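So this one's final-v5.pdb, PDB, C-alpha atoms:
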ATOM      1  CA  MET A   1     -51.078   1.791 -49.005
ATOM      2  CA  PHE A   2     -48.390   1.218 -46.430
ATOM      3  CA  GLN A   3     -45.626  -0.915 -47.894
ATOM      4  CA  HIS A   4     -43.245  -2.152 -45.195
ATOM      5  CA  VAL A   5     -39.838  -3.213 -46.488
ATOM      6  CA  ILE A   6     -38.684  -4.259 -43.030
ATOM      7  CA  SER A   7     -40.577  -5.090 -39.862
ATOM      8  CA  LEU A   8     -40.757  -1.545 -38.537
ATOM      9  CA  SER A   9     -43.711   0.549 -37.427
ATOM     10  CA  LEU A  10     -43.923   4.221 -36.485
ATOM     11  CA  GLY A  11     -43.590   3.287 -32.833
ATOM     12  CA  GLN A  12     -40.372   1.354 -33.428
ATOM     13  CA  VAL A  13     -37.897   4.085 -34.265
ATOM     14  CA  PRO A  14     -34.252   2.968 -33.834
ATOM     15  CA  MET A  15     -32.827   4.466 -30.658
ATOM     16  CA  SER A  16     -29.161   3.464 -30.752
ATOM     17  CA  ARG A  17     -26.457   4.754 -33.089
ATOM     18  CA  SER A  18     -25.698   1.249 -34.316
ATOM     19  CA  SER A  19     -29.342   0.615 -35.230
ATOM     20  CA  TYR A  20     -29.245   3.614 -37.573
ATOM     21  CA  VAL A  21     -26.287   2.011 -39.345
ATOM     22  CA  THR A  22     -28.429  -1.059 -40.029
ATOM     23  CA  THR A  23     -31.166   0.967 -41.755
ATOM     24  CA  LEU A  24     -30.576   3.153 -44.805
ATOM     25  CA  PHE A  25     -26.809   2.754 -45.218
ATOM     26  CA  SER A  26     -26.888  -1.015 -44.941
ATOM     27  CA  LEU A  27     -30.086  -1.916 -46.808
ATOM     28  CA  PRO A  28     -29.488  -3.313 -50.307
ATOM     29  CA  PRO A  29     -30.828  -1.240 -53.231
ATOM     30  CA  SER A  30     -33.476  -3.887 -53.942
ATOM     31  CA  ASN A  31     -35.111  -3.058 -50.612
ATOM     32  CA  LEU A  32     -35.169   0.683 -51.150
ATOM     33  CA  MET A  33     -36.083   0.928 -54.821
ATOM     34  CA  PRO A  34     -39.767  -0.057 -54.368
ATOM     35  CA  ILE A  35     -40.453   2.864 -52.041
ATOM     36  CA  MET A  36     -38.280   5.264 -54.071
ATOM     37  CA  ASN A  37     -40.738   5.046 -56.955
ATOM     38  CA  PHE A  38     -42.249   8.341 -55.861
ATOM     39  CA  SER A  39     -45.789   7.937 -57.189
ATOM     40  CA  TRP A  40     -48.328   7.670 -54.416
ATOM     41  CA  SER A  41     -51.772   8.466 -53.193
ATOM     42  CA  THR A  42     -52.765   9.251 -49.624
ATOM     43  CA  PRO A  43     -51.619   6.309 -47.460
ATOM     44  CA  LEU A  44     -54.401   3.897 -46.585
ATOM     45  CA  ARG A  45     -55.101   3.205 -42.914
ATOM     46  CA  ARG A  46     -56.326  -0.117 -41.588
ATOM     47  CA  ASN A  47     -56.898  -1.767 -38.254
ATOM     48  CA  ASP A  48     -56.767  -5.475 -39.058
ATOM     49  CA  GLN A  49     -59.430  -5.780 -41.768
ATOM     50  CA  THR A  50     -61.191  -2.507 -40.987
ATOM     51  CA  ASP A  51     -60.531   0.522 -43.194
ATOM     52  CA  LEU A  52     -59.969   3.730 -41.244
ATOM     53  CA  PRO A  53     -60.613   7.289 -42.480
ATOM     54  CA  LEU A  54     -57.822   8.711 -44.607
ATOM     55  CA  ILE A  55     -55.585  11.425 -43.201
ATOM     56  CA  PRO A  56     -54.852  14.198 -45.726
ATOM     57  CA  ASN A  57     -51.212  14.415 -46.777
ATOM     58  CA  GLU A  58     -51.097  18.025 -45.572
ATOM     59  CA  ILE A  59     -51.593  16.810 -42.001
ATOM     60  CA  TYR A  60     -48.730  14.337 -42.344
ATOM     61  CA  LEU A  61     -46.542  17.157 -43.651
ATOM     62  CA  HIS A  62     -47.500  19.324 -40.709
ATOM     63  CA  ILE A  63     -46.593  16.500 -38.310
ATOM     64  CA  PHE A  64     -43.192  16.107 -39.980
ATOM     65  CA  GLU A  65     -42.644  19.846 -39.658
ATOM     66  CA  CYS A  66     -43.493  19.716 -35.945
ATOM     67  CA  ILE A  67     -41.030  16.852 -35.420
ATOM     68  CA  ALA A  68     -38.177  18.690 -37.145
ATOM     69  CA  PRO A  69     -38.638  22.067 -38.884
ATOM     70  CA  THR A  70     -37.341  22.112 -42.451
ATOM     71  CA  HIS A  71     -35.269  25.264 -41.910
ATOM     72  CA  ARG A  72     -32.919  23.418 -39.531
ATOM     73  CA  PRO A  73     -30.699  20.403 -40.317
ATOM     74  CA  LEU A  74     -31.692  17.181 -38.602
ATOM     75  CA  SER A  75     -29.938  16.294 -35.363
ATOM     76  CA  GLU A  76     -28.548  12.766 -35.058
ATOM     77  CA  GLN A  77     -31.611  11.747 -33.045
ATOM     78  CA  TYR A  78     -33.974  12.902 -35.776
ATOM     79  CA  VAL A  79     -31.839  11.380 -38.524
ATOM     80  CA  GLN A  80     -32.655   8.067 -36.852
ATOM     81  CA  THR A  81     -36.340   8.964 -36.639
ATOM     82  CA  PHE A  82     -36.626  10.072 -40.268
ATOM     83  CA  SER A  83     -34.629   7.029 -41.410
ATOM     84  CA  ALA A  84     -37.306   4.842 -39.866
ATOM     85  CA  LEU A  85     -40.134   6.925 -41.332
ATOM     86  CA  ALA A  86     -38.595   6.640 -44.807
ATOM     87  CA  LEU A  87     -39.096   2.873 -44.673
ATOM     88  CA  VAL A  88     -42.836   3.014 -43.970
ATOM     89  CA  CYS A  89     -44.378   3.907 -47.334
ATOM     90  CA  ARG A  90     -43.688   5.779 -50.564
ATOM     91  CA  PHE A  91     -45.205   9.044 -49.372
ATOM     92  CA  PHE A  92     -43.263   9.037 -46.113
ATOM     93  CA  CYS A  93     -40.119   8.123 -48.048
ATOM     94  CA  SER A  94     -40.540  11.059 -50.422
ATOM     95  CA  VAL A  95     -40.705  13.433 -47.452
ATOM     96  CA  ALA A  96     -38.238  11.859 -45.012
ATOM     97  CA  LEU A  97     -35.459  10.650 -47.283
ATOM     98  CA  PRO A  98     -34.379  14.090 -48.574
ATOM     99  CA  ARG A  99     -34.135  15.251 -44.959
ATOM    100  CA  VAL A 100     -31.941  12.282 -43.962
ATOM    101  CA  PHE A 101     -29.426  13.030 -46.723
ATOM    102  CA  GLU A 102     -29.580  16.838 -46.677
ATOM    103  CA  ARG A 103     -26.388  17.001 -44.603
ATOM    104  CA  VAL A 104     -23.565  14.466 -45.038
ATOM    105  CA  THR A 105     -20.411  14.221 -42.930
ATOM    106  CA  PHE A 106     -17.220  12.503 -44.050
ATOM    107  CA  SER A 107     -15.046  12.112 -40.965
ATOM    108  CA  GLY A 108     -11.551  10.722 -40.646
ATOM    109  CA  ASN A 109     -11.732  10.406 -36.857
ATOM    110  CA  LYS A 110     -10.152   7.012 -36.223
ATOM    111  CA  TYR A 111     -10.796   7.181 -32.472
ATOM    112  CA  ASP A 112     -14.603   7.075 -32.843
ATOM    113  CA  GLU A 113     -15.670   3.428 -33.079
ATOM    114  CA  PHE A 114     -19.058   4.305 -34.575
ATOM    115  CA  ASN A 115     -17.371   6.459 -37.211
ATOM    116  CA  ARG A 116     -15.058   3.582 -38.171
ATOM    117  CA  ILE A 117     -18.106   1.371 -38.736
ATOM    118  CA  LEU A 118     -20.010   3.982 -40.699
ATOM    119  CA  ALA A 119     -16.955   4.957 -42.782
ATOM    120  CA  SER A 120     -16.988   1.693 -44.728
ATOM    121  CA  ARG A 121     -20.676   2.125 -45.537
ATOM    122  CA  LYS A 122     -20.170   5.712 -46.679
ATOM    123  CA  ALA A 123     -17.235   4.612 -48.821
ATOM    124  CA  ARG A 124     -19.538   2.045 -50.447
ATOM    125  CA  TRP A 125     -22.161   4.752 -51.001
ATOM    126  CA  ALA A 126     -19.549   7.046 -52.570
ATOM    127  CA  THR A 127     -18.431   4.234 -54.872
ATOM    128  CA  LEU A 128     -22.010   3.660 -56.007
ATOM    129  CA  ILE A 129     -22.457   7.394 -56.650
ATOM    130  CA  LEU A 130     -19.459   7.365 -58.968
ATOM    131  CA  ALA A 131     -20.901   4.299 -60.707
ATOM    132  CA  LYS A 132     -24.181   6.214 -61.189
ATOM    133  CA  ALA A 133     -26.009   3.376 -59.463
ATOM    134  CA  GLU A 134     -29.434   3.818 -57.910
ATOM    135  CA  PRO A 135     -30.517   4.624 -55.280
ATOM    136  CA  ALA A 136     -27.113   6.116 -54.362
ATOM    137  CA  LYS A 137     -27.245   8.542 -57.295
ATOM    138  CA  SER A 138     -30.633   9.897 -56.186
ATOM    139  CA  PHE A 139     -29.548  10.159 -52.543
ATOM    140  CA  ALA A 140     -26.615  12.335 -53.657
ATOM    141  CA  LEU A 141     -28.959  14.900 -55.191
ATOM    142  CA  ASN A 142     -30.611  15.436 -51.801
ATOM    143  CA  VAL A 143     -27.389  16.647 -50.164
ATOM    144  CA  LYS A 144     -27.415  20.381 -49.361
ATOM    145  CA  GLU A 145     -24.471  20.522 -46.959
ATOM    146  CA  CYS A 146     -21.259  18.481 -46.950
ATOM    147  CA  ILE A 147     -18.800  18.339 -44.063
ATOM    148  CA  PHE A 148     -15.194  17.104 -44.115
ATOM    149  CA  LYS A 149     -13.493  16.865 -40.719
ATOM    150  CA  HIS A 150     -10.445  15.276 -39.103
ATOM    151  CA  TRP A 151      -8.726  14.341 -42.361
ATOM    152  CA  GLU A 152      -5.114  14.657 -41.305
ATOM    153  CA  PHE A 153      -2.174  12.387 -41.954
ATOM    154  CA  ILE A 154      -1.494   9.623 -39.417
ATOM    155  CA  ASP A 155       2.112   9.108 -38.347
ATOM    156  CA  GLU A 156       2.738   5.363 -38.146
ATOM    157  CA  GLY A 157       5.679   5.825 -35.804
ATOM    158  CA  TYR A 158       8.625   6.186 -38.110
ATOM    159  CA  LYS A 159       9.681   8.771 -40.646
ATOM    160  CA  GLY A 160       8.205   8.683 -44.112
ATOM    161  CA  ASN A 161       5.153   6.558 -43.314
ATOM    162  CA  LEU A 162       2.252   8.995 -43.293
ATOM    163  CA  LYS A 163      -1.161   7.912 -44.496
ATOM    164  CA  TRP A 164      -4.797   8.975 -44.499
ATOM    165  CA  PRO A 165      -7.230   7.407 -41.997
ATOM    166  CA  PHE A 166      -9.567   4.923 -43.725
ATOM    167  CA  GLY A 167      -7.704   5.443 -47.008
ATOM    168  CA  MET A 168      -7.511   8.510 -49.202
ATOM    169  CA  PRO A 169     -10.430  10.969 -48.967
ATOM    170  CA  MET A 170     -10.181  11.433 -52.746
ATOM    171  CA  LEU A 171     -13.113   9.011 -53.077
ATOM    172  CA  TYR A 172     -15.305  11.299 -50.998
ATOM    173  CA  CYS A 173     -14.172  14.354 -52.968
ATOM    174  CA  LEU A 174     -15.129  12.678 -56.240
ATOM    175  CA  ALA A 175     -18.508  11.725 -54.779
ATOM    176  CA  MET A 176     -19.092  15.249 -53.475
ATOM    177  CA  ALA A 177     -18.576  16.600 -56.996
ATOM    178  CA  ARG A 178     -21.655  14.570 -58.048
ATOM    179  CA  MET A 179     -23.792  16.120 -55.274
ATOM    180  CA  SER A 180     -24.843  18.945 -57.557
ATOM    181  CA  ASN A 181     -27.335  20.573 -55.163
ATOM    182  CA  ILE A 182     -24.829  21.264 -52.383
ATOM    183  CA  ARG A 183     -25.047  24.825 -51.089
ATOM    184  CA  LYS A 184     -22.602  24.689 -48.172
ATOM    185  CA  VAL A 185     -19.271  22.940 -47.631
ATOM    186  CA  PHE A 186     -17.503  22.954 -44.260
ATOM    187  CA  ILE A 187     -13.926  21.623 -44.001
ATOM    188  CA  SER A 188     -12.470  21.380 -40.509
ATOM    189  CA  SER A 189      -9.163  20.146 -39.051
ATOM    190  CA  SER A 190      -8.166  18.689 -42.392
ATOM    191  CA  ILE A 191      -5.526  18.799 -45.064
ATOM    192  CA  VAL A 192      -6.868  20.461 -48.214
ATOM    193  CA  ASN A 193      -5.385  19.393 -51.538
ATOM    194  CA  LYS A 194      -6.225  19.683 -55.224
ATOM    195  CA  ASP A 195      -8.913  16.959 -54.951
ATOM    196  CA  HIS A 196     -10.989  19.203 -52.693
ATOM    197  CA  TRP A 197     -10.603  22.195 -55.022
ATOM    198  CA  GLN A 198     -11.525  20.109 -58.087
ATOM    199  CA  ALA A 199     -14.704  18.919 -56.377
ATOM    200  CA  LEU A 200     -15.644  22.387 -55.135
ATOM    201  CA  ALA A 201     -15.318  23.767 -58.666
ATOM    202  CA  GLU A 202     -18.008  21.318 -59.844
ATOM    203  CA  LEU A 203     -20.573  22.574 -57.317
ATOM    204  CA  LYS A 204     -22.402  25.290 -59.249
ATOM    205  CA  GLN A 205     -24.998  25.825 -56.487
ATOM    206  CA  LEU A 206     -22.367  26.387 -53.780
ATOM    207  CA  ASP A 207     -23.116  29.499 -51.701
ATOM    208  CA  VAL A 208     -21.102  29.081 -48.490
ATOM    209  CA  LEU A 209     -17.591  27.698 -48.001
ATOM    210  CA  GLU A 210     -15.940  27.491 -44.582
ATOM    211  CA  PHE A 211     -12.430  26.398 -43.645
ATOM    212  CA  ARG A 212     -11.548  25.886 -39.979
ATOM    213  CA  PHE A 213      -7.993  25.008 -38.854
ATOM    214  CA  CYS A 214      -7.009  23.511 -42.212
ATOM    215  CA  SER A 215      -3.629  23.048 -43.869
ATOM    216  CA  PHE A 216      -3.377  23.796 -47.590
ATOM    217  CA  ILE A 217      -0.731  21.497 -49.062
ATOM    218  CA  GLU A 218      -1.265  21.908 -52.815
ATOM    219  CA  ASP A 219      -2.061  24.772 -55.115
ATOM    220  CA  PRO A 220      -5.508  24.414 -56.672
ATOM    221  CA  PRO A 221      -6.249  23.949 -60.366
ATOM    222  CA  ASN A 222      -6.983  27.043 -62.394
ATOM    223  CA  LYS A 223     -10.724  26.922 -61.780
ATOM    224  CA  GLN A 224     -13.007  29.469 -60.152
ATOM    225  CA  LEU A 225     -15.748  28.766 -57.640
ATOM    226  CA  THR A 226     -19.233  30.244 -57.655
ATOM    227  CA  VAL A 227     -19.248  30.659 -53.863
ATOM    228  CA  ARG A 228     -20.694  33.886 -52.445
ATOM    229  CA  ALA A 229     -19.660  33.626 -48.773
ATOM    230  CA  VAL A 230     -16.292  32.388 -47.465
ATOM    231  CA  MET A 231     -15.148  31.932 -43.851
ATOM    232  CA  PHE A 232     -11.578  31.196 -42.790
ATOM    233  CA  ARG A 233     -10.392  30.261 -39.310
ATOM    234  CA  CYS A 234      -6.655  29.701 -39.647
ATOM    235  CA  GLY A 235      -5.682  29.486 -35.993
ATOM    236  CA  LEU A 236      -2.078  28.321 -35.620
ATOM    237  CA  HIS A 237      -2.011  26.662 -39.034
ATOM    238  CA  HIS A 238      -0.043  28.126 -41.899
ATOM    239  CA  SER A 239      -1.913  30.785 -43.828
ATOM    240  CA  PRO A 240      -2.819  29.807 -47.393
ATOM    241  CA  SER A 241      -0.819  31.351 -50.199
ATOM    242  CA  GLN A 242      -2.226  33.850 -52.650
ATOM    243  CA  LEU A 243      -2.254  31.202 -55.363
ATOM    244  CA  THR A 244      -4.200  28.860 -53.082
ATOM    245  CA  LEU A 245      -6.855  31.536 -52.613
ATOM    246  CA  ARG A 246      -7.298  32.108 -56.346
ATOM    247  CA  PRO A 247     -10.449  29.930 -56.768
ATOM    248  CA  ILE A 248     -12.476  31.917 -54.222
ATOM    249  CA  ALA A 249     -11.298  35.378 -55.334
ATOM    250  CA  THR A 250     -14.052  35.696 -57.929
ATOM    251  CA  THR A 251     -16.596  38.342 -58.838
ATOM    252  CA  SER A 252     -19.344  36.281 -57.179
ATOM    253  CA  LEU A 253     -17.748  36.633 -53.707
ATOM    254  CA  ARG A 254     -19.825  38.966 -51.525
ATOM    255  CA  SER A 255     -19.081  37.979 -47.919
ATOM    256  CA  LEU A 256     -15.690  37.295 -46.366
ATOM    257  CA  GLU A 257     -15.060  36.436 -42.702
ATOM    258  CA  MET A 258     -11.509  35.780 -41.480
ATOM    259  CA  ASP A 259      -9.296  35.737 -38.393
ATOM    260  CA  ASP A 260      -6.159  36.563 -40.381
ATOM    261  CA  VAL A 261      -5.840  40.079 -41.777
ATOM    262  CA  GLU A 262      -2.951  39.071 -44.062
ATOM    263  CA  VAL A 263      -5.052  36.373 -45.716
ATOM    264  CA  ALA A 264      -7.956  38.789 -46.182
ATOM    265  CA  LEU A 265      -5.664  41.282 -47.909
ATOM    266  CA  LYS A 266      -4.376  38.539 -50.206
ATOM    267  CA  ILE A 267      -7.903  37.713 -51.338
ATOM    268  CA  VAL A 268      -8.979  41.321 -51.832
ATOM    269  CA  ALA A 269      -5.734  42.177 -53.635
ATOM    270  CA  PHE A 270      -5.963  39.227 -55.999
ATOM    271  CA  ARG A 271      -8.754  40.896 -57.929
ATOM    272  CA  GLN A 272     -10.854  44.014 -57.468
ATOM    273  CA  LEU A 273     -13.679  42.360 -55.562
ATOM    274  CA  ALA A 274     -17.044  43.890 -54.704
ATOM    275  CA  ILE A 275     -17.214  42.458 -51.187
ATOM    276  CA  VAL A 276     -20.261  43.722 -49.320
ATOM    277  CA  ASP A 277     -19.641  42.120 -45.918
ATOM    278  CA  LEU A 278     -16.070  41.936 -44.604
ATOM    279  CA  VAL A 279     -15.487  40.667 -41.059
ATOM    280  CA  LEU A 280     -12.041  40.486 -39.448
ATOM    281  CA  ASP A 281     -11.801  39.047 -35.947
TER
END
Could you write out this file's structure as structure tokens?
Amino acid sequence: MFQHVISLSLGQVPMSRSSYVTTLFSLPPSNLMPIMNFSWSTPLRRNDQTDLPLIPNEIYLHIFECIAPTHRPLSEQYVQTFSALALVCRFFCSVALPRVFERVTFSGNKYDEFNRILASRKARWATLILAKAEPAKSFALNVKECIFKHWEFIDEGYKGNLKWPFGMPMLYCLAMARMSNIRKVFISSSIVNKDHWQALAELKQLDVLEFRFCSFIEDPPNKQLTVRAVMFRCGLHHSPSQLTLRPIATTSLRSLEMDDVEVALKIVAFRQLAIVDLVLD
């Protein structure tokens, strides 16, 4: 039976970016827990007091697939749509919620007003993940791809006063380490330190790791990653040292794509690697 937790029907999908903020990220756990008890039957259909014929769950699944195919991550528009669908009933929640959280972005872009609003909510979510609180803990297990972008130091205008936007991203790194089903991590225009490497080492399902225009400021801990495909785009940034590359130079590495020949040679020379696909551009 349909169990509405807020006044929202299928025809009332949030259309603005701010309305999405007021749905899943801002609802208290007490509102979400009833529909996260994933035991259900086929949703009942009624028109006032009249029972309508049931629609098989397979048809609902086909409709969801037509809205947004499962082989592609949800666009922002469809994140809003699936966020609304997740609040309709337990069955819809069980299908829509994993899609909403399959890709998570932690951005340090201080010039995006929407991102500044959402950052505080994501920080709260990360804190709840570390506390092993539900439903945050369950949401974390749905994440398949994690993106870090625009995490660079801000110069406050005088020497020696550099700080992270929205506080240290260490909180997000610790939370990412608890997202045990992540298969891809993309880090762009960011400073990479030991917190990132520690978190990456905890992701045993990690297949793809991509760095784009990053600065590596600390040598990583002596831990190896299980990643199979690595992509580097160094651009004008300083190339990582051989010690920095140690975690990815493992026997599991099969694909390597780089725009810096020197960095590629460092990785290959670190160990005798059986790389199948090597791309230098």
Review point. Of the candidates A:Val208, A:His71, A:Pro43, A:Met170, which one gets nearest to A:Phe92 if we count all atoms listed in the file?
Key: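 Closest candidate: A:Pro43.
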**Study point:** Close residues, stretch 246-258 of chain A itself excluded, 7 Å, only C-alpha atoms, min 5 positions apart in chain, as a list in words
**Key:**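 So the residues in contact are Lys223, Gln224, Leu225, Thr226, Val227, Arg228, Ala229, Val230, Met231, Phe232, Arg233, Ala264, Ile267, Phe270, Arg271, Leu273, Ala274, Ile275, Val276, Asp277, Leu278, Val279, Leu280 and Asp281 of chain A.
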Selection above as a file: C-alpha atoms, as a PDB file, keeping the file's coordinate frame:
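Everything below was put into result_20.pdb:
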ATOM      1  CA  LYS A 223     -10.724  26.922 -61.780  1.00  0.00           C
ATOM      2  CA  GLN A 224     -13.007  29.469 -60.152  1.00  0.00           C
ATOM      3  CA  LEU A 225     -15.748  28.766 -57.640  1.00  0.00           C
ATOM      4  CA  THR A 226     -19.233  30.244 -57.655  1.00  0.00           C
ATOM      5  CA  VAL A 227     -19.248  30.659 -53.863  1.00  0.00           C
ATOM      6  CA  ARG A 228     -20.694  33.886 -52.445  1.00  0.00           C
ATOM      7  CA  ALA A 229     -19.660  33.626 -48.773  1.00  0.00           C
ATOM      8  CA  VAL A 230     -16.292  32.388 -47.465  1.00  0.00           C
ATOM      9  CA  MET A 231     -15.148  31.932 -43.851  1.00  0.00           C
ATOM     10  CA  PHE A 232     -11.578  31.196 -42.790  1.00  0.00           C
ATOM     11  CA  ARG A 233     -10.392  30.261 -39.310  1.00  0.00           C
ATOM     12  CA  ALA A 264      -7.956  38.789 -46.182  1.00  0.00           C
ATOM     13  CA  ILE A 267      -7.903  37.713 -51.338  1.00  0.00           C
ATOM     14  CA  PHE A 270      -5.963  39.227 -55.999  1.00  0.00           C
ATOM     15  CA  ARG A 271      -8.754  40.896 -57.929  1.00  0.00           C
ATOM     16  CA  LEU A 273     -13.679  42.360 -55.562  1.00  0.00           C
ATOM     17  CA  ALA A 274     -17.044  43.890 -54.704  1.00  0.00           C
ATOM     18  CA  ILE A 275     -17.214  42.458 -51.187  1.00  0.00           C
ATOM     19  CA  VAL A 276     -20.261  43.722 -49.320  1.00  0.00           C
ATOM     20  CA  ASP A 277     -19.641  42.120 -45.918  1.00  0.00           C
ATOM     21  CA  LEU A 278     -16.070  41.936 -44.604  1.00  0.00           C
ATOM     22  CA  VAL A 279     -15.487  40.667 -41.059  1.00  0.00           C
ATOM     23  CA  LEU A 280     -12.041  40.486 -39.448  1.00  0.00           C
ATOM     24  CA  ASP A 281     -11.801  39.047 -35.947  1.00  0.00           C
TER      25      ASP A 281
END
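Remark: for A:Arg212, the closest of the candidate residues A:Leu200, A:Ile147, A:Ala126, A:Leu245 is A:Ile147 (distances computed over all atoms listed in the file).
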Review point. Residues at most 12 Å from A:Asn181, counting all atoms listed in the file, excluding those fewer than 6 positions away in the same chain, as a ChimeraX atom specification?
Key: /A:98,101-103,138-146,200,202-207
Using only C-alpha atoms, please write the residues we just selected to a file, as a PDB file, in the frame of the given file.
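Saved result, selection-v8.pdb, follows:
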ATOM      1  CA  PRO A  98     -34.379  14.090 -48.574  1.00  0.00           C
ATOM      2  CA  PHE A 101     -29.426  13.030 -46.723  1.00  0.00           C
ATOM      3  CA  GLU A 102     -29.580  16.838 -46.677  1.00  0.00           C
ATOM      4  CA  ARG A 103     -26.388  17.001 -44.603  1.00  0.00           C
ATOM      5  CA  SER A 138     -30.633   9.897 -56.186  1.00  0.00           C
ATOM      6  CA  PHE A 139     -29.548  10.159 -52.543  1.00  0.00           C
ATOM      7  CA  ALA A 140     -26.615  12.335 -53.657  1.00  0.00           C
ATOM      8  CA  LEU A 141     -28.959  14.900 -55.191  1.00  0.00           C
ATOM      9  CA  ASN A 142     -30.611  15.436 -51.801  1.00  0.00           C
ATOM     10  CA  VAL A 143     -27.389  16.647 -50.164  1.00  0.00           C
ATOM     11  CA  LYS A 144     -27.415  20.381 -49.361  1.00  0.00           C
ATOM     12  CA  GLU A 145     -24.471  20.522 -46.959  1.00  0.00           C
ATOM     13  CA  CYS A 146     -21.259  18.481 -46.950  1.00  0.00           C
ATOM     14  CA  LEU A 200     -15.644  22.387 -55.135  1.00  0.00           C
ATOM     15  CA  GLU A 202     -18.008  21.318 -59.844  1.00  0.00           C
ATOM     16  CA  LEU A 203     -20.573  22.574 -57.317  1.00  0.00           C
ATOM     17  CA  LYS A 204     -22.402  25.290 -59.249  1.00  0.00           C
ATOM     18  CA  GLN A 205     -24.998  25.825 -56.487  1.00  0.00           C
ATOM     19  CA  LEU A 206     -22.367  26.387 -53.780  1.00  0.00           C
ATOM     20  CA  ASP A 207     -23.116  29.499 -51.701  1.00  0.00           C
TER      21      ASP A 207
END
So that all listed atoms of stretch 130-148 of chain A fit with 3 Å spare on each side, what axis-aligned box centre and edge lengths in Å, to one decimal, would you give as lines of an AutoDock Vina configuration file?
center_x = -22.9
center_y = 11.9
center_z = -52.6
size_x = 21.4
size_y = 23.1
size_z = 23.1
Review point. Counting all atoms listed in the file, which of A:Phe91, A:Cys173, A:Ile182, A:Ser215 gets nearest to A:His150?
Key: A:Ser215
Check your understanding: Can you tell me how far atom CA of A:Asp195 sits from atom CA of A:Asn222, in Å to one decimal?
Key ->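 Between these atoms lies a distance of 12.7 Å.
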Check your understanding: At a cut-off of 12 Å from (-18.9, 6.6, -58.9) in the coordinates of the file, what residues are picked up using all atoms listed in the file, written as a PyMOL selection string?
Key -> chain A and resi 123-134+136-137+140+170-179
Exercise for review: Expand the PyMOL selection byres ((chain A and resi 194) around 7) into the individual residues it matches in the shown file, reporting them as a ChimeraX atom specification.
Suggested key: /A:193,195-198,218-221
